[in-house]
Amino acid sequence: MNYQRIAVTAALLWSCHSGFAQQASFTPSATILKDQITYVVQADGRYTKEEVEKIQINTDQGVKERSQLQMPFSSTLQALEVLQAYTITKDGKRIDVKPEEIREQQSPASAGAPMFDDHKVKVVVFPAVEIGARLGIHVCMTQKTPLFKGHFYDCKDKTTLLQALLAAKGIPSSTALINATDVYWLPSIAMPTTAFNHAITCIPAFNMFLDATPGKAMFGSLPPELLGKHALVIQNAKGAPKMTKVPLGASGDNSVQVDTFLDLNSQGQITGRSKIQATGYLDLMARQTMSSLPPLTEERGA
């Protein structure tokens with residue numbers, strides 16, 4: 001009997017040790033060594049943001065993911081300048097990014113109709129990226145046009161305003177913290193700015209999440225980068241904090257229906273019209289595109 005207990009104990013210890021070994025063997029694709037952000041905000045909402053970031057490449061996946069850095073911006077409202085960009089190889093040699101390797105491109109969303117959308121993407125191509133290399137970048141992103149004359153606001157302000165409007169209608173809600181980047185898991189140590197960098201609104205009674213930041217989303221629809229992620233609800237239906245998951249949603253939640261009507265007259269001329277109806281985040285994308293059209297270009301955009 002004692003031998004059996006010893007054998008079972010040994011098996012459990014081996015199993016636990018094996019589990020720890022597998023967990024310890026994980027290597028992140030890259031490690032952020034430094035991320036320093038400085039804001040200078042004007043009274044009318046214009047601001048200058050400087051960011052200095054240093055990243056170490058750990059795996060082949062990191063090489064693939066970090067060889068190019070893409071930074072979106074609005075060419076009408078903002079100015080984006082790359083002050084420094086370089087690679088430090090694993091043997092300590094610094095290689096600066098050449099000016100021709102800093103490119104400005106049309107954003108994917110506006111590629112089909114660049115005359116109607118001013119969104120651009122600045123792409124930095126780093127040289128000699130390999131495992132063990134370190135990448136450095138120093139950028140300056142300036143908001144040229146006031147966001148809202150006399151006011152400055154972000155996701156926290158908009159979430160608070162939405163909660164006040166809901167409360168006026170007798171609907172309890174709470175702020176929920178979430179990650180708006182490509183991170184889908186929670187760190188094993190306390191890293192609040194890494195785990196949660198965006199604020200949205202949760203209506204616990206309906207298990208519904210709302211993102212007020214885009215300003216044009218239909219009630220209940222979320223941008224795709226927020227779906228399926230962990231969220232920290234500050235106050236659930238019982239008034240206590242709760243870690244939960246934002247629903248992924250069903251496949252039919254995001255769709256585009258196009259109805260086209262064509263008229264052919266006796267001279268062989270065709271006139272027509274189309275009705276486009278989108279749902280989910282595709283509706284949000286359509287609203288953002290149409291609202292960004294310059295005045296008097298709506299018919300051409302359609």
# chains A, B, ... in the order shown; residues from 1 in each chain; ligands from 1
>>> select_by_dssp(residues="region 153-259 of chain A", states="strand (DSSP E)", output="ChimeraX atom specification")
/A:174-178,198-203,208-210,230-233,242-245,255-259
>>> write_last_selection(atoms="N, CA and C atoms", output="tab-separated table (two decimals), in the first residue's frame")
chain	number	residue	atom	x	y	z
A	174	SER	N	-21.67	50.10	-17.09
A	174	SER	CA	-20.36	50.16	-16.42
A	174	SER	C	-19.26	50.28	-17.46
A	175	THR	N	-18.17	50.89	-17.04
A	175	THR	CA	-16.98	50.90	-17.88
A	175	THR	C	-16.37	49.50	-17.91
A	176	ALA	N	-15.89	49.10	-19.07
A	176	ALA	CA	-15.18	47.83	-19.22
A	176	ALA	C	-13.85	48.11	-19.90
A	177	LEU	N	-12.77	47.58	-19.31
A	177	LEU	CA	-11.43	47.77	-19.86
A	177	LEU	C	-11.08	46.58	-20.74
A	178	ILE	N	-10.46	46.87	-21.89
A	178	ILE	CA	-10.18	45.82	-22.89
A	178	ILE	C	-8.91	46.18	-23.63
A	198	HIS	N	-7.93	50.24	-23.56
A	198	HIS	CA	-9.09	50.86	-24.19
A	198	HIS	C	-10.30	50.72	-23.26
A	199	ALA	N	-11.18	51.69	-23.28
A	199	ALA	CA	-12.38	51.67	-22.43
A	199	ALA	C	-13.62	51.61	-23.30
A	200	ILE	N	-14.52	50.68	-22.98
A	200	ILE	CA	-15.81	50.57	-23.64
A	200	ILE	C	-16.90	50.52	-22.58
A	201	THR	N	-18.14	50.37	-23.00
A	201	THR	CA	-19.27	50.36	-22.07
A	201	THR	C	-19.92	48.99	-22.06
A	202	CYS	N	-20.25	48.51	-20.87
A	202	CYS	CA	-20.95	47.24	-20.71
A	202	CYS	C	-22.32	47.49	-20.08
A	203	ILE	N	-23.35	46.86	-20.66
A	203	ILE	CA	-24.69	46.87	-20.07
A	203	ILE	C	-24.92	45.47	-19.51
A	208	MET	N	-24.31	43.11	-22.99
A	208	MET	CA	-24.01	43.83	-24.23
A	208	MET	C	-22.86	44.79	-24.01
A	209	PHE	N	-22.00	44.88	-25.03
A	209	PHE	CA	-20.86	45.80	-24.99
A	209	PHE	C	-21.01	46.83	-26.10
A	210	LEU	N	-20.67	48.09	-25.78
A	210	LEU	CA	-20.77	49.19	-26.73
A	210	LEU	C	-19.44	49.93	-26.76
A	230	HIS	N	-10.83	39.27	-23.57
A	230	HIS	CA	-11.14	39.45	-22.16
A	230	HIS	C	-11.42	40.93	-21.88
A	231	ALA	N	-12.37	41.16	-21.00
A	231	ALA	CA	-12.71	42.52	-20.60
A	231	ALA	C	-12.91	42.56	-19.09
A	232	LEU	N	-12.41	43.60	-18.47
A	232	LEU	CA	-12.59	43.80	-17.03
A	232	LEU	C	-13.74	44.78	-16.82
A	233	VAL	N	-14.90	44.24	-16.44
A	233	VAL	CA	-16.08	45.07	-16.16
A	233	VAL	C	-15.94	45.63	-14.75
A	242	LYS	N	-15.70	42.27	-12.45
A	242	LYS	CA	-15.76	40.92	-12.99
A	242	LYS	C	-14.97	40.83	-14.28
A	243	MET	N	-14.17	39.77	-14.40
A	243	MET	CA	-13.47	39.49	-15.65
A	243	MET	C	-14.38	38.64	-16.52
A	244	THR	N	-14.61	39.07	-17.73
A	244	THR	CA	-15.50	38.34	-18.62
A	244	THR	C	-14.93	38.37	-20.03
A	245	LYS	N	-15.66	37.77	-20.96
A	245	LYS	CA	-15.22	37.73	-22.35
A	245	LYS	C	-16.27	38.37	-23.24
A	255	SER	N	-22.72	41.44	-42.43
A	255	SER	CA	-23.08	41.11	-43.81
A	255	SER	C	-23.28	42.38	-44.62
A	256	VAL	N	-23.26	42.21	-45.93
A	256	VAL	CA	-23.58	43.30	-46.86
A	256	VAL	C	-24.55	42.76	-47.90
A	257	GLN	N	-25.67	43.42	-48.05
A	257	GLN	CA	-26.66	43.05	-49.07
A	257	GLN	C	-26.75	44.17	-50.09
A	258	VAL	N	-26.59	43.83	-51.36
A	258	VAL	CA	-26.65	44.81	-52.44
A	258	VAL	C	-27.79	44.45	-53.38
A	259	ASP	N	-28.75	45.35	-53.50
A	259	ASP	CA	-29.87	45.18	-54.44
A	259	ASP	C	-29.69	46.18	-55.58
>>> closest_residue(among="A:Val183, A:Gly62, A:Gln106, A:Pro72", to="Glu130 (chain A)", atoms="only C-alpha atoms")
A:Gly62
>>> closest_residue(among="A:Leu262, A:Glu104, A:Trp185, A:Pro214", to="Lys229 (chain A)", atoms="only C-alpha atoms")
A:Trp185
>>> residues_around(residues="Arg287 (chain A)", least_positions_apart="6", cutoff="12 Å", atoms="only C-alpha atoms", output="ChimeraX atom specification")
/A:214-218,276-281,293
>>> write_last_selection(atoms="C-alpha atoms", output="PDB file, in the first residue's frame")
ATOM      1  CA  PRO A 214     -15.821  55.337 -33.272  1.00  0.00           C
ATOM      2  CA  GLY A 215     -18.869  57.574 -32.882  1.00  0.00           C
ATOM      3  CA  LYS A 216     -20.710  55.999 -35.821  1.00  0.00           C
ATOM      4  CA  ALA A 217     -21.335  52.410 -34.743  1.00  0.00           C
ATOM      5  CA  MET A 218     -24.851  51.005 -34.568  1.00  0.00           C
ATOM      6  CA  ILE A 276     -26.519  48.725 -50.121  1.00  0.00           C
ATOM      7  CA  GLN A 277     -27.422  47.558 -46.649  1.00  0.00           C
ATOM      8  CA  ALA A 278     -24.682  46.462 -44.224  1.00  0.00           C
ATOM      9  CA  THR A 279     -24.811  45.032 -40.712  1.00  0.00           C
ATOM     10  CA  GLY A 280     -22.333  44.658 -37.874  1.00  0.00           C
ATOM     11  CA  TYR A 281     -18.819  46.040 -38.225  1.00  0.00           C
ATOM     12  CA  LEU A 293     -16.315  62.062 -48.076  1.00  0.00           C
TER      13      LEU A 293
END
>>> decode(residues="region 78-113 of chain A", atoms="N, CA, C and O atoms", output="compact mmCIF listing (two decimals), in the first residue's frame")
# COMPACT_ATOMS: atom_id res chain seq x y z
N GLN A 78 -3.71 65.01 -39.50
CA GLN A 78 -2.53 64.68 -38.72
C GLN A 78 -1.26 64.73 -39.58
O GLN A 78 -1.32 64.67 -40.80
N ALA A 79 -0.15 64.86 -38.89
CA ALA A 79 1.18 64.75 -39.52
C ALA A 79 1.96 63.70 -38.75
O ALA A 79 1.95 63.69 -37.52
N LEU A 80 2.62 62.81 -39.48
CA LEU A 80 3.39 61.72 -38.86
C LEU A 80 4.82 61.77 -39.39
O LEU A 80 5.05 61.64 -40.60
N GLU A 81 5.76 61.93 -38.48
CA GLU A 81 7.17 62.04 -38.85
C GLU A 81 7.98 60.98 -38.12
O GLU A 81 7.87 60.83 -36.90
N VAL A 82 8.80 60.25 -38.86
CA VAL A 82 9.71 59.27 -38.28
C VAL A 82 11.04 59.96 -38.01
O VAL A 82 11.76 60.33 -38.96
N LEU A 83 11.37 60.17 -36.76
CA LEU A 83 12.60 60.89 -36.40
C LEU A 83 13.82 59.97 -36.42
O LEU A 83 14.91 60.38 -36.82
N GLN A 84 13.64 58.73 -35.96
CA GLN A 84 14.71 57.74 -35.96
C GLN A 84 14.11 56.36 -36.16
O GLN A 84 13.04 56.06 -35.66
N ALA A 85 14.84 55.51 -36.88
CA ALA A 85 14.46 54.11 -37.01
C ALA A 85 15.73 53.33 -37.33
O ALA A 85 16.48 53.70 -38.23
N TYR A 86 15.97 52.25 -36.59
CA TYR A 86 17.22 51.53 -36.76
C TYR A 86 17.10 50.10 -36.25
O TYR A 86 16.16 49.75 -35.53
N THR A 87 18.07 49.30 -36.65
CA THR A 87 18.23 47.93 -36.14
C THR A 87 19.59 47.81 -35.49
O THR A 87 20.59 48.27 -36.04
N ILE A 88 19.64 47.21 -34.31
CA ILE A 88 20.90 46.84 -33.69
C ILE A 88 21.02 45.33 -33.78
O ILE A 88 20.21 44.61 -33.19
N THR A 89 21.97 44.84 -34.56
CA THR A 89 22.11 43.41 -34.76
C THR A 89 22.54 42.73 -33.47
O THR A 89 22.94 43.39 -32.50
N LYS A 90 22.46 41.39 -33.44
CA LYS A 90 22.79 40.67 -32.21
C LYS A 90 24.26 40.80 -31.82
O LYS A 90 24.62 40.57 -30.66
N ASP A 91 25.12 41.23 -32.78
CA ASP A 91 26.52 41.47 -32.42
C ASP A 91 26.80 42.94 -32.12
O ASP A 91 27.95 43.35 -32.00
N GLY A 92 25.71 43.75 -32.01
CA GLY A 92 25.87 45.13 -31.55
C GLY A 92 26.03 46.18 -32.61
O GLY A 92 26.23 47.35 -32.28
N LYS A 93 25.89 45.84 -33.88
CA LYS A 93 26.06 46.82 -34.95
C LYS A 93 24.75 47.54 -35.21
O LYS A 93 23.71 46.91 -35.38
N ARG A 94 24.80 48.87 -35.25
CA ARG A 94 23.60 49.66 -35.53
C ARG A 94 23.49 49.95 -37.03
O ARG A 94 24.45 50.40 -37.66
N ILE A 95 22.30 49.69 -37.59
CA ILE A 95 22.03 49.95 -39.00
C ILE A 95 20.78 50.83 -39.07
O ILE A 95 19.69 50.40 -38.71
N ASP A 96 20.96 52.06 -39.51
CA ASP A 96 19.82 52.98 -39.62
C ASP A 96 18.96 52.64 -40.82
O ASP A 96 19.45 52.16 -41.86
N VAL A 97 17.66 52.87 -40.67
CA VAL A 97 16.73 52.66 -41.78
C VAL A 97 16.96 53.78 -42.81
O VAL A 97 16.96 54.96 -42.46
N LYS A 98 17.13 53.42 -44.06
CA LYS A 98 17.36 54.40 -45.12
C LYS A 98 16.06 55.17 -45.41
O LYS A 98 14.96 54.63 -45.24
N PRO A 99 16.18 56.42 -45.83
CA PRO A 99 14.97 57.22 -46.11
C PRO A 99 14.03 56.55 -47.10
O PRO A 99 12.80 56.66 -46.96
N GLU A 100 14.58 55.85 -48.09
CA GLU A 100 13.71 55.20 -49.09
C GLU A 100 12.97 53.99 -48.53
O GLU A 100 12.06 53.46 -49.17
N GLU A 101 13.36 53.53 -47.33
CA GLU A 101 12.66 52.41 -46.69
C GLU A 101 11.57 52.88 -45.72
O GLU A 101 11.00 52.10 -44.99
N ILE A 102 11.31 54.19 -45.73
CA ILE A 102 10.18 54.76 -44.99
C ILE A 102 9.18 55.24 -46.04
O ILE A 102 9.41 56.24 -46.71
N ARG A 103 8.12 54.51 -46.21
CA ARG A 103 7.20 54.74 -47.32
C ARG A 103 5.82 55.15 -46.82
O ARG A 103 5.40 54.73 -45.74
N GLU A 104 5.17 55.92 -47.62
CA GLU A 104 3.79 56.32 -47.32
C GLU A 104 2.87 55.69 -48.36
O GLU A 104 3.06 55.87 -49.56
N GLN A 105 1.86 54.96 -47.88
CA GLN A 105 0.97 54.23 -48.78
C GLN A 105 -0.47 54.57 -48.46
O GLN A 105 -0.80 55.08 -47.39
N GLN A 106 -1.35 54.28 -49.43
CA GLN A 106 -2.78 54.40 -49.20
C GLN A 106 -3.22 53.31 -48.24
O GLN A 106 -2.72 52.18 -48.27
N SER A 107 -4.13 53.62 -47.34
CA SER A 107 -4.62 52.60 -46.41
C SER A 107 -5.43 51.56 -47.18
O SER A 107 -6.06 51.88 -48.19
N PRO A 108 -5.43 50.29 -46.72
CA PRO A 108 -6.20 49.26 -47.42
C PRO A 108 -7.68 49.60 -47.56
O PRO A 108 -8.30 49.29 -48.57
N ALA A 109 -8.25 50.25 -46.55
CA ALA A 109 -9.68 50.56 -46.59
C ALA A 109 -10.03 51.57 -47.66
O ALA A 109 -11.14 51.59 -48.18
N SER A 110 -9.06 52.45 -48.00
CA SER A 110 -9.35 53.52 -48.97
C SER A 110 -8.70 53.27 -50.32
O SER A 110 -8.76 54.12 -51.20
N ALA A 111 -8.08 52.10 -50.50
CA ALA A 111 -7.34 51.84 -51.75
C ALA A 111 -8.26 51.87 -52.96
O ALA A 111 -7.86 52.27 -54.06
N GLY A 112 -9.52 51.45 -52.79
CA GLY A 112 -10.43 51.40 -53.92
C GLY A 112 -10.94 52.76 -54.35
O GLY A 112 -11.39 52.93 -55.48
N ALA A 113 -10.91 53.74 -53.47
CA ALA A 113 -11.40 55.08 -53.78
C ALA A 113 -10.58 56.12 -53.04
O ALA A 113 -11.06 56.78 -52.12
